[in-house]
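Colleague: Starting off with a structure, shown below.
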Amino acid sequence: MSDVTLPTGANAPLTGDRAEVSIGWASADVVDVSAVLLTDAHKVRTDEDLVFFNNPVGGDGAVRTTAGPSGTTHVAVELAKLPAEVTKVVVVVSADADRPGATLGQVPGLSALTTSGDARITYPAGAFEGGETVAVLVELYRRGDAWKVRAVGQGYASGLAGLATDFGISVEDEPEPTPAPAAPVHAMVKEPAAAPAPAAPAPISMAKEPLGRVDLAKGGRATISMDKDDRSITVTASLVWDGGNDARRKSGADLDLYALYVPRSKLGALNKGDSDGVIYYRDLGSLKSAPYIKLDGDSRVPGRETVRITRPDQQGYVLICAYSAVENGFGSFKSYGAHAEVTDGQGSTVNVPLFNNKRAVFWVAIALVDFTDPEGVSIQHVEKYSKLMQERRPMLYPDGTFEMGAGPAEFKTVRAPRER
């Protein structure tokens with residue numbers, strides 16, 4: 001039996017026709033566990049593809065959720081029996097819906113243990129500090145004829161409704177506090193209590209409907225509407241890459257996410273050097289104090305690196321960049337399958353692809369996240385590359401412009417990250 005521990009964004013192969021994901025936590029808190037079956041379009045086929053306590057079997061019987069002893073829940077997946085159009089099964093945890101104000105940050109020790117064949121793959125998810133009530137812990141995904149598990153750790157502050165919107169699941173409206181028929185068997189609510197419950201607090205208001213999932217064109221822009229004074233909002237920006245081919249995945253394909261930032265207090269500064277803020281693997285940042293931006297960790301294998309951004313009222317611009325370690329060789333970022341994703345956790349996800357196959361470059365600026373947009377937060381596809389073989393990183397300036405190759409040179413070495 002082989003034992004593997006995954007950092008966030010990393011993946012491992014599944015060696016059997018069956019996989020079981022056991023979710024554990026170290027407290028008496030109630031945590032609900034669900035599985036969502038997705039197609040290549042990152043959407044469910046029907047609402048039946050949400051497998052949870054009111055619908056414990058899905059995928060033509062291939063996926064089942066069962067509650068274990070207090071502090072554990074299991075998701076069993078018969079990989080070989082999944083419908084052909086299902087290419088991914090995501091495992092979701094959510095805080096106790098019956099306890100107002102409950103968040104995953106109050107649940108210590110959240111972890112996922114995936115067993116398949118002779119492999120035991122552990123993902124210690126760590127603490128969720130951004131007010132998340134729902135999170136995707138791991139995903140099982142099809143790669144050719146094989147299956148893999150990836151450690152995700154992606155949180156949502158808007159509950160199951162935000163996650164459901166991303167995945168194309170219909171969510172029932174909350175019932176009025178008057179007598180009504182019983183909830184449909186697949187409604188995303190728990191069984192009603194015997195006595196009428198007080199009316200639930202109104203959800204966070206947004207000026208516009210959520211975007212769902214948007215794929216930007218070259219030079220395109222999308223705006224996520226939000227109240228930037230709402231301190232419960234967490235914007236996440238991820239660098240995602242799959243390695244591109246088997247040879248590169250085997251060698252590691254080590255990319256790094258750099259988030260260059262200008263805080264609101266520095267907007268319009270005359271001295272461009274005042275804006276040289278950066279979050280990366282040597283400086284993970286902080287959500288508890290300025291800059292209210294934090295990198296979840298450094299993935300040295302194909303997967304995902306994510307920064308969480310809180311306090312949108314304190315943010316100006318954030319430039320999402322990627323660095324390719326020299327050991328990767330001379331392949332283009334696009335050939336590694338690299339792209340960026342930005343989400344508000346409330347039903348809006350903006351995918352920012354790469355279109356250029358430029359080789360022998362170490363830096364690419366992918367997306368500019370603009371918190372100065374009066375409508376909310378805008379995400380723009382920028383895709384600019386450094387000069388050939390240039391190690392100097394980009395610089396982001398107080399007016400939201402940026403310059404490739406104007407920052408200090410970076411050479412990746414093994415060093416413990418610093419968290420503020």
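Letters A, B, ... mark the chains of the structure tokens in the order given; residue numbers begin at 1 per chain; ligand numbers begin at 1, in order shown.
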Which residues, written as an NGL selection string, have at least one atom at most 7 Å from region 239-246 of chain A, with only C-alpha atoms counted and residues fewer than 5 positions away on the same chain left out?

Modeller: :A and (253 or 257 or 302-306 or 335-341)

Colleague: Got time to write the residues from that selection, N, CA, C and O atoms, as a tab-separated table (two decimals), in the first residue's frame?

Modeller:
```tsv
chain	number	residue	atom	x	y	z
A	253	ALA	N	6.73	20.14	-14.51
A	253	ALA	CA	6.07	21.34	-15.06
A	253	ALA	C	5.75	22.34	-13.96
A	253	ALA	O	4.61	22.67	-13.70
A	257	LEU	N	2.68	31.07	-9.35
A	257	LEU	CA	1.77	32.21	-9.39
A	257	LEU	C	2.38	33.38	-8.65
A	257	LEU	O	2.83	33.25	-7.50
A	302	PRO	N	2.04	19.81	-11.77
A	302	PRO	CA	0.85	20.37	-12.42
A	302	PRO	C	-0.35	20.36	-11.50
A	302	PRO	O	-0.61	19.39	-10.80
A	303	GLY	N	-1.08	21.45	-11.50
A	303	GLY	CA	-2.24	21.56	-10.62
A	303	GLY	C	-2.76	22.98	-10.57
A	303	GLY	O	-3.12	23.58	-11.58
A	304	ARG	N	-2.74	23.58	-9.37
A	304	ARG	CA	-3.35	24.89	-9.17
A	304	ARG	C	-2.66	25.59	-8.02
A	304	ARG	O	-2.37	24.98	-6.99
A	305	GLU	N	-2.39	26.88	-8.21
A	305	GLU	CA	-1.98	27.75	-7.11
A	305	GLU	C	-3.00	28.88	-7.04
A	305	GLU	O	-3.41	29.42	-8.07
A	306	THR	N	-3.38	29.25	-5.82
A	306	THR	CA	-4.50	30.18	-5.64
A	306	THR	C	-4.16	31.27	-4.65
A	306	THR	O	-3.59	30.99	-3.58
A	335	SER	N	1.51	25.61	-23.82
A	335	SER	CA	1.75	24.18	-24.00
A	335	SER	C	1.71	23.44	-22.66
A	335	SER	O	1.53	22.22	-22.64
A	336	TYR	N	1.87	24.15	-21.55
A	336	TYR	CA	1.73	23.52	-20.23
A	336	TYR	C	0.26	23.45	-19.80
A	336	TYR	O	-0.04	22.97	-18.71
A	337	GLY	N	-0.65	23.96	-20.62
A	337	GLY	CA	-2.06	23.98	-20.26
A	337	GLY	C	-2.39	25.07	-19.26
A	337	GLY	O	-3.37	24.97	-18.52
A	338	ALA	N	-1.60	26.16	-19.23
A	338	ALA	CA	-1.77	27.20	-18.21
A	338	ALA	C	-2.89	28.17	-18.57
A	338	ALA	O	-3.05	28.55	-19.73
A	339	HIS	N	-3.65	28.57	-17.57
A	339	HIS	CA	-4.65	29.63	-17.70
A	339	HIS	C	-4.96	30.14	-16.30
A	339	HIS	O	-4.50	29.57	-15.29
A	340	ALA	N	-5.71	31.23	-16.21
A	340	ALA	CA	-6.08	31.81	-14.91
A	340	ALA	C	-7.59	31.73	-14.73
A	340	ALA	O	-8.35	31.77	-15.71
A	341	GLU	N	-8.01	31.61	-13.49
A	341	GLU	CA	-9.43	31.63	-13.14
A	341	GLU	C	-9.64	32.61	-11.99
A	341	GLU	O	-8.88	32.58	-11.01
```

Colleague: Can you list every residue of region 24-61 of chain A that has an atom at most 12 Å from region 109-123 of chain A, with its nearest atom pair and the distance in Å to one decimal, using only C-alpha atoms, ordered by chain then number, as JSON lines?

Modeller:
```
{"residue": "A:Gly24", "atom": "CA", "partner": "A:Ser111", "partner_atom": "CA", "distance": 5.4}
{"residue": "A:Trp25", "atom": "CA", "partner": "A:Leu110", "partner_atom": "CA", "distance": 4.4}
{"residue": "A:Ala26", "atom": "CA", "partner": "A:Gly109", "partner_atom": "CA", "distance": 5.0}
{"residue": "A:Ser27", "atom": "CA", "partner": "A:Gly109", "partner_atom": "CA", "distance": 7.9}
{"residue": "A:Ala28", "atom": "CA", "partner": "A:Gly109", "partner_atom": "CA", "distance": 11.4}
{"residue": "A:Asp29", "atom": "CA", "partner": "A:Leu110", "partner_atom": "CA", "distance": 11.1}
{"residue": "A:Val30", "atom": "CA", "partner": "A:Leu110", "partner_atom": "CA", "distance": 11.8}
{"residue": "A:Val31", "atom": "CA", "partner": "A:Leu110", "partner_atom": "CA", "distance": 9.5}
{"residue": "A:Asp32", "atom": "CA", "partner": "A:Leu110", "partner_atom": "CA", "distance": 11.9}
{"residue": "A:Val33", "atom": "CA", "partner": "A:Ala112", "partner_atom": "CA", "distance": 11.0}
```

Colleague: Identify which of the residues A:Ala84, A:Ala360, A:Ala67, A:Val307 lies closest to Gly144 (chain A), counting only C-alpha atoms when measuring atom-to-atom distances.

Modeller: A:Ala84

Colleague: Nearest to Thr349 (chain A): which of A:Pro312, A:Gly212, A:Gly219, A:Gly285 is it, counting only C-alpha atoms?

Modeller: A:Gly212

Colleague: Please compute the CA of Ile379 (chain A)-CA of Arg393 (chain A) distance, one decimal, in Å.

Modeller: 20.8 Å

Colleague: How many Å separate CA of Val44 (chain A) from CA of Gly59 (chain A)?

Modeller: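 Value for the CA of Val44 (chain A)-CA of Gly59 (chain A) distance: 10.7 Å.
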
Colleague: Write out as a VMD selection string the residues lying within 8 Å of Ser324 (chain A), counting only C-alpha atoms and excluding same-chain residues fewer than 2 positions away.

Modeller: chain A and resid 254 to 256 322 326 328 333 361 to 363
